[in-house]
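Asks: I am attaching a structure below and will ask some questions about it afterwards.
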Amino acid sequence: MSFSQTVKEELIEVRMRRGVDHKLLISGYTLAIASLKYVPKARAWGLRFVGECGAAVNYAAKLICQTYKLEQLVTLTEHERLNAKNTELVVYGEELDALMEDTGFATTMPNGERSYIPRLPGGLDSEHGCRAFIRGVFLACGSVSDPAKGCHAELVIKHELLAREVMRQLMLRGIMAKLTVRKSCWVLYLKDGEMVEDFLTFMGAGEAMLAVREQRMLREIANHSNREVNCIAANIEKTARAAVSQIDDITLVLTERGADCLNEQLYEVASARMDNPEMTLAELGVLIGIGKSAVNYRLRKIAELANEIREEKGILTDI
């Protein structure tokens, strides 16, 4: 089972005590994916819904037929080329017109003609109503990626009006979604981990939100550990390069001018470096009993002597 299906099955269990919330969820579901379909055996038109999550389609069928006097046909179809299974729901009957009017799928004009330009239902100013409406949209066309692979949630919506309204409602609650167009559909998406968590919480998918948060925290810990390891590795490499350069300087000075050219302080640092090439400047300071800056100062003095010798002998350097 995909994570999206897990989220939808959790949302199905969210209890709604108000009848208006039932209708708003049905409205969100209908506006997102419904289309007209002729039902030959009834010799009448019906509304068709198709979804990958059978549990969500069956839930919508139950809710619609409990709210309106309608018949339903539910069939499972398999797409061989895409290796995908879809559940198709068709509802038809006595109160189909009421369903289409209430959800905003259709509007009867004053002249008696019917318009199928989508229209938003009333009641979205209510917090409970808005939650139910967006929950319906998600059950119809939403998805959330597996949190172990990243944070991404999206709604693939057929109508710009619905997409922009959902985005507006989410933004009013601090959930900043982005909108794009993909294959003639409007795609509302969230990539920020915290935004995905807030989105799931708003819809009522608390367990799914915790799963996303847990994986996000694990990724943050892993990333932090990787940064620390990379930083340590870089520091070790930097220390090693510096030590090699310092040992080269010391070796050149001792070879060309002998130990007598170094005073007691410089010789002490030179000996410590030659005996401990792996140590950092701070560790050398602890060994000798002086500060890191003093060690660095003395090694720079030795480097100056080494550069003088190179200039005298015409030795090319990378400096």
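The chains in the structure tokens are called A, B, ... from first to last as shown; in each chain the residues are counted from 1, and the ligands are counted from 1 in the order shown.
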Using only C-alpha atoms, which protein or nucleic acid residues come within 8 Å of stretch 208-222 of chain A? Drop anything in the same chain fewer than 3 positions from it, and give the result as number ranges by chain.
Replies: A: 6-7, 10, 147-148, 150-151, 193, 196-198, 200-201, 205, 225-226
Asks: So that I have them on file, write out the residues from the current selection with N, CA and C atoms, as a CSV table (one decimal), in the first residue's frame.
Replies:
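The new file part_3.csv reads:
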```csv
chain,number,residue,atom,x,y,z
A,6,THR,N,-2.5,5.2,2.5
A,6,THR,CA,-2.5,5.2,4.0
A,6,THR,C,-3.1,6.5,4.5
A,7,VAL,N,-2.7,7.6,3.9
A,7,VAL,CA,-3.2,8.9,4.4
A,7,VAL,C,-4.7,8.9,4.1
A,10,GLU,N,-6.7,6.9,6.5
A,10,GLU,CA,-6.8,7.6,7.8
A,10,GLU,C,-7.9,8.8,7.8
A,147,PRO,N,7.4,9.3,3.0
A,147,PRO,CA,8.2,10.2,3.8
A,147,PRO,C,9.7,9.8,3.9
A,148,ALA,N,9.9,8.5,3.7
A,148,ALA,CA,11.3,8.0,3.7
A,148,ALA,C,12.1,8.4,2.5
A,150,GLY,N,11.3,11.5,0.9
A,150,GLY,CA,11.2,12.9,0.7
A,150,GLY,C,9.9,13.5,1.1
A,151,CYS,N,9.8,14.8,1.1
A,151,CYS,CA,8.5,15.5,1.5
A,151,CYS,C,7.9,16.1,0.3
A,193,GLY,N,8.9,20.4,4.2
A,193,GLY,CA,8.5,19.4,5.2
A,193,GLY,C,7.5,19.9,6.2
A,196,VAL,N,4.1,20.3,4.6
A,196,VAL,CA,3.4,19.1,4.4
A,196,VAL,C,2.8,18.6,5.7
A,197,GLU,N,3.6,18.7,6.8
A,197,GLU,CA,3.1,18.3,8.1
A,197,GLU,C,1.8,19.1,8.5
A,198,ASP,N,1.9,20.5,8.2
A,198,ASP,CA,0.7,21.3,8.6
A,198,ASP,C,-0.5,21.0,7.7
A,200,LEU,N,-1.2,18.0,6.4
A,200,LEU,CA,-1.8,16.7,6.9
A,200,LEU,C,-2.6,17.0,8.2
A,201,THR,N,-2.0,17.8,9.1
A,201,THR,CA,-2.7,18.1,10.3
A,201,THR,C,-4.0,18.8,10.1
A,205,ALA,N,-5.1,14.1,9.3
A,205,ALA,CA,-4.3,12.9,9.2
A,205,ALA,C,-3.1,13.1,10.2
A,225,SER,N,25.0,14.9,10.7
A,225,SER,CA,26.1,14.0,10.9
A,225,SER,C,27.0,14.0,9.7
A,226,ASN,N,26.5,14.0,8.5
A,226,ASN,CA,27.3,14.0,7.3
A,226,ASN,C,28.1,15.3,7.2
```
Asks: Do a neighbour search on stretch 249-263 of chain A at 6 Å with only C-alpha atoms, toss out local chain neighbours closer than 3 positions, and write the hits as number ranges by chain.
Replies: A: 246, 266-267, 303, 306
Asks: Limited to C-alpha atoms, could you put the picked residues into a file as a PDB file, in the first residue's frame?
Replies:
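New file out32.pdb:
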```pdb
ATOM      1  CA  GLN A 246      55.933  22.667   7.624  1.00  0.00           C
ATOM      2  CA  LEU A 266      62.110  27.642  16.985  1.00  0.00           C
ATOM      3  CA  TYR A 267      64.042  24.418  17.470  1.00  0.00           C
ATOM      4  CA  ALA A 303      58.840  29.096   6.804  1.00  0.00           C
ATOM      5  CA  ALA A 306      63.003  28.231   4.265  1.00  0.00           C
TER       6      ALA A 306
END
```
Asks: Leaving out stretch 160-173 of chain A and any residue of its chain fewer than 5 positions from it, which residues lie within 10 Å of it when counting only C-alpha atoms, given as a ChimeraX atom specification?
Replies: /A:28,31-32,117-120,124-125,127,130-131,133-134,137,155,178-181,184-189,195,198-199,202
Asks: Show me, as CSV, the residues of stretch 144-255 of chain A having an atom within 12 Å of stretch 280-284 of chain A, each with the closest atom pair and its distance in Å, using only C-alpha atoms.
Replies:
```
residue,atom,partner,partner_atom,distance
A:Asn235,CA,A:Thr280,CA,9.5
A:Ile236,CA,A:Thr280,CA,8.6
A:Glu237,CA,A:Thr280,CA,11.0
A:Lys238,CA,A:Thr280,CA,9.7
A:Thr239,CA,A:Thr280,CA,6.2
A:Ala240,CA,A:Thr280,CA,8.6
A:Arg241,CA,A:Thr280,CA,11.0
A:Ala242,CA,A:Thr280,CA,9.2
A:Ala243,CA,A:Thr280,CA,8.2
A:Val244,CA,A:Thr280,CA,11.9
A:Gln246,CA,A:Leu281,CA,11.1
```
Asks: Create the file for the chosen residues now, containing all heavy atoms and written as a PDB file, in the first residue's frame.
Replies:
```pdb
ATOM      1  N   ASN A 235      39.047  19.267   7.767  1.00  0.00           N
ATOM      2  CA  ASN A 235      40.031  19.787   8.719  1.00  0.00           C
ATOM      3  C   ASN A 235      41.261  18.887   8.803  1.00  0.00           C
ATOM      4  O   ASN A 235      42.398  19.358   8.906  1.00  0.00           O
ATOM      5  CB  ASN A 235      39.398  19.929  10.105  1.00  0.00           C
ATOM      6  CG  ASN A 235      38.429  21.100  10.172  1.00  0.00           C
ATOM      7  OD1 ASN A 235      38.526  22.032   9.372  1.00  0.00           O
ATOM      8  ND2 ASN A 235      37.496  21.050  11.100  1.00  0.00           N
ATOM      9  N   ILE A 236      41.012  17.549   8.763  1.00  0.00           N
ATOM     10  CA  ILE A 236      42.133  16.611   8.808  1.00  0.00           C
ATOM     11  C   ILE A 236      43.007  16.791   7.576  1.00  0.00           C
ATOM     12  O   ILE A 236      44.245  16.820   7.665  1.00  0.00           O
ATOM     13  CB  ILE A 236      41.609  15.159   8.898  1.00  0.00           C
ATOM     14  CG1 ILE A 236      40.968  14.925  10.272  1.00  0.00           C
ATOM     15  CG2 ILE A 236      42.734  14.163   8.646  1.00  0.00           C
ATOM     16  CD1 ILE A 236      40.276  13.585  10.396  1.00  0.00           C
ATOM     17  N   GLU A 237      42.359  16.933   6.405  1.00  0.00           N
ATOM     18  CA  GLU A 237      43.114  17.113   5.165  1.00  0.00           C
ATOM     19  C   GLU A 237      43.907  18.420   5.188  1.00  0.00           C
ATOM     20  O   GLU A 237      45.068  18.461   4.771  1.00  0.00           O
ATOM     21  CB  GLU A 237      42.145  17.110   3.985  1.00  0.00           C
ATOM     22  CG  GLU A 237      42.835  17.197   2.633  1.00  0.00           C
ATOM     23  CD  GLU A 237      41.857  17.193   1.478  1.00  0.00           C
ATOM     24  OE1 GLU A 237      40.649  17.023   1.726  1.00  0.00           O
ATOM     25  OE2 GLU A 237      42.307  17.374   0.332  1.00  0.00           O
ATOM     26  N   LYS A 238      43.256  19.476   5.714  1.00  0.00           N
ATOM     27  CA  LYS A 238      43.943  20.768   5.801  1.00  0.00           C
ATOM     28  C   LYS A 238      45.140  20.683   6.734  1.00  0.00           C
ATOM     29  O   LYS A 238      46.223  21.215   6.436  1.00  0.00           O
ATOM     30  CB  LYS A 238      42.953  21.823   6.302  1.00  0.00           C
ATOM     31  CG  LYS A 238      43.537  23.217   6.425  1.00  0.00           C
ATOM     32  CD  LYS A 238      42.485  24.189   6.927  1.00  0.00           C
ATOM     33  CE  LYS A 238      43.071  25.584   7.108  1.00  0.00           C
ATOM     34  NZ  LYS A 238      42.053  26.531   7.636  1.00  0.00           N
ATOM     35  N   THR A 239      44.957  20.011   7.883  1.00  0.00           N
ATOM     36  CA  THR A 239      46.042  19.848   8.851  1.00  0.00           C
ATOM     37  C   THR A 239      47.183  19.048   8.250  1.00  0.00           C
ATOM     38  O   THR A 239      48.364  19.374   8.430  1.00  0.00           O
ATOM     39  CB  THR A 239      45.516  19.143  10.121  1.00  0.00           C
ATOM     40  OG1 THR A 239      44.495  19.958  10.709  1.00  0.00           O
ATOM     41  CG2 THR A 239      46.629  18.917  11.123  1.00  0.00           C
ATOM     42  N   ALA A 240      46.829  17.992   7.506  1.00  0.00           N
ATOM     43  CA  ALA A 240      47.855  17.135   6.902  1.00  0.00           C
ATOM     44  C   ALA A 240      48.678  17.910   5.871  1.00  0.00           C
ATOM     45  O   ALA A 240      49.912  17.798   5.840  1.00  0.00           O
ATOM     46  CB  ALA A 240      47.204  15.920   6.258  1.00  0.00           C
ATOM     47  N   ARG A 241      47.977  18.696   5.028  1.00  0.00           N
ATOM     48  CA  ARG A 241      48.701  19.485   4.014  1.00  0.00           C
ATOM     49  C   ARG A 241      49.632  20.495   4.679  1.00  0.00           C
ATOM     50  O   ARG A 241      50.770  20.687   4.240  1.00  0.00           O
ATOM     51  CB  ARG A 241      47.706  20.208   3.109  1.00  0.00           C
ATOM     52  CG  ARG A 241      46.994  19.304   2.120  1.00  0.00           C
ATOM     53  CD  ARG A 241      46.406  20.136   0.968  1.00  0.00           C
ATOM     54  NE  ARG A 241      45.509  21.161   1.467  1.00  0.00           N
ATOM     55  CZ  ARG A 241      44.197  21.016   1.605  1.00  0.00           C
ATOM     56  NH1 ARG A 241      43.633  19.863   1.265  1.00  0.00           N
ATOM     57  NH2 ARG A 241      43.441  22.004   2.052  1.00  0.00           N
ATOM     58  N   ALA A 242      49.127  21.139   5.724  1.00  0.00           N
ATOM     59  CA  ALA A 242      49.947  22.128   6.428  1.00  0.00           C
ATOM     60  C   ALA A 242      51.157  21.471   7.082  1.00  0.00           C
ATOM     61  O   ALA A 242      52.276  22.018   7.047  1.00  0.00           O
ATOM     62  CB  ALA A 242      49.098  22.844   7.475  1.00  0.00           C
ATOM     63  N   ALA A 243      50.944  20.291   7.678  1.00  0.00           N
ATOM     64  CA  ALA A 243      52.041  19.594   8.351  1.00  0.00           C
ATOM     65  C   ALA A 243      53.130  19.194   7.355  1.00  0.00           C
ATOM     66  O   ALA A 243      54.327  19.312   7.639  1.00  0.00           O
ATOM     67  CB  ALA A 243      51.497  18.364   9.076  1.00  0.00           C
ATOM     68  N   VAL A 244      52.712  18.718   6.173  1.00  0.00           N
ATOM     69  CA  VAL A 244      53.679  18.331   5.143  1.00  0.00           C
ATOM     70  C   VAL A 244      54.509  19.540   4.732  1.00  0.00           C
ATOM     71  O   VAL A 244      55.745  19.452   4.592  1.00  0.00           O
ATOM     72  CB  VAL A 244      52.951  17.730   3.921  1.00  0.00           C
ATOM     73  CG1 VAL A 244      53.924  17.585   2.746  1.00  0.00           C
ATOM     74  CG2 VAL A 244      52.353  16.383   4.284  1.00  0.00           C
ATOM     75  N   GLN A 246      55.077  22.263   6.505  1.00  0.00           N
ATOM     76  CA  GLN A 246      55.933  22.667   7.624  1.00  0.00           C
ATOM     77  C   GLN A 246      57.152  21.754   7.754  1.00  0.00           C
ATOM     78  O   GLN A 246      58.270  22.218   7.996  1.00  0.00           O
ATOM     79  CB  GLN A 246      55.111  22.665   8.920  1.00  0.00           C
ATOM     80  CG  GLN A 246      54.041  23.746   8.961  1.00  0.00           C
ATOM     81  CD  GLN A 246      52.911  23.442   9.902  1.00  0.00           C
ATOM     82  OE1 GLN A 246      52.937  22.436  10.609  1.00  0.00           O
ATOM     83  NE2 GLN A 246      51.895  24.300   9.897  1.00  0.00           N
TER      84      GLN A 246
END
```
Asks: For the structure I just gave you, how does DSSP split stretch 2-117 of chain A - specifically, which residues are helix (DSSP H, G or I)? Reply as a VMD selection string.
Replies: chain A and resid 3 to 12 19 to 33 54 to 67 96 to 103
Asks: Which distance in Å separates atom CA of A:Ala84 and atom CA of A:Val57, to one decimal?
Replies: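 Computing the Euclidean distance for atom CA of A:Ala84 and atom CA of A:Val57 yields 15.4 Å.
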Asks: Near A:Gly129, within 8 Å and counting only C-alpha atoms, which residues show up once chain neighbours fewer than 5 positions away are dropped, as a list in words?
Replies: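 My reading of the contact set: Val20, Asp21, Leu24, Leu25, Gly123 and Leu124 of chain A.
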Asks: With only C-alpha atoms as the atoms that count, which of A:Tyr38, A:Gly136, A:Trp45, A:Arg15 lies nearest to A:Ile64?
Replies: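 Under the stated criterion, the closest residue is A:Gly136.
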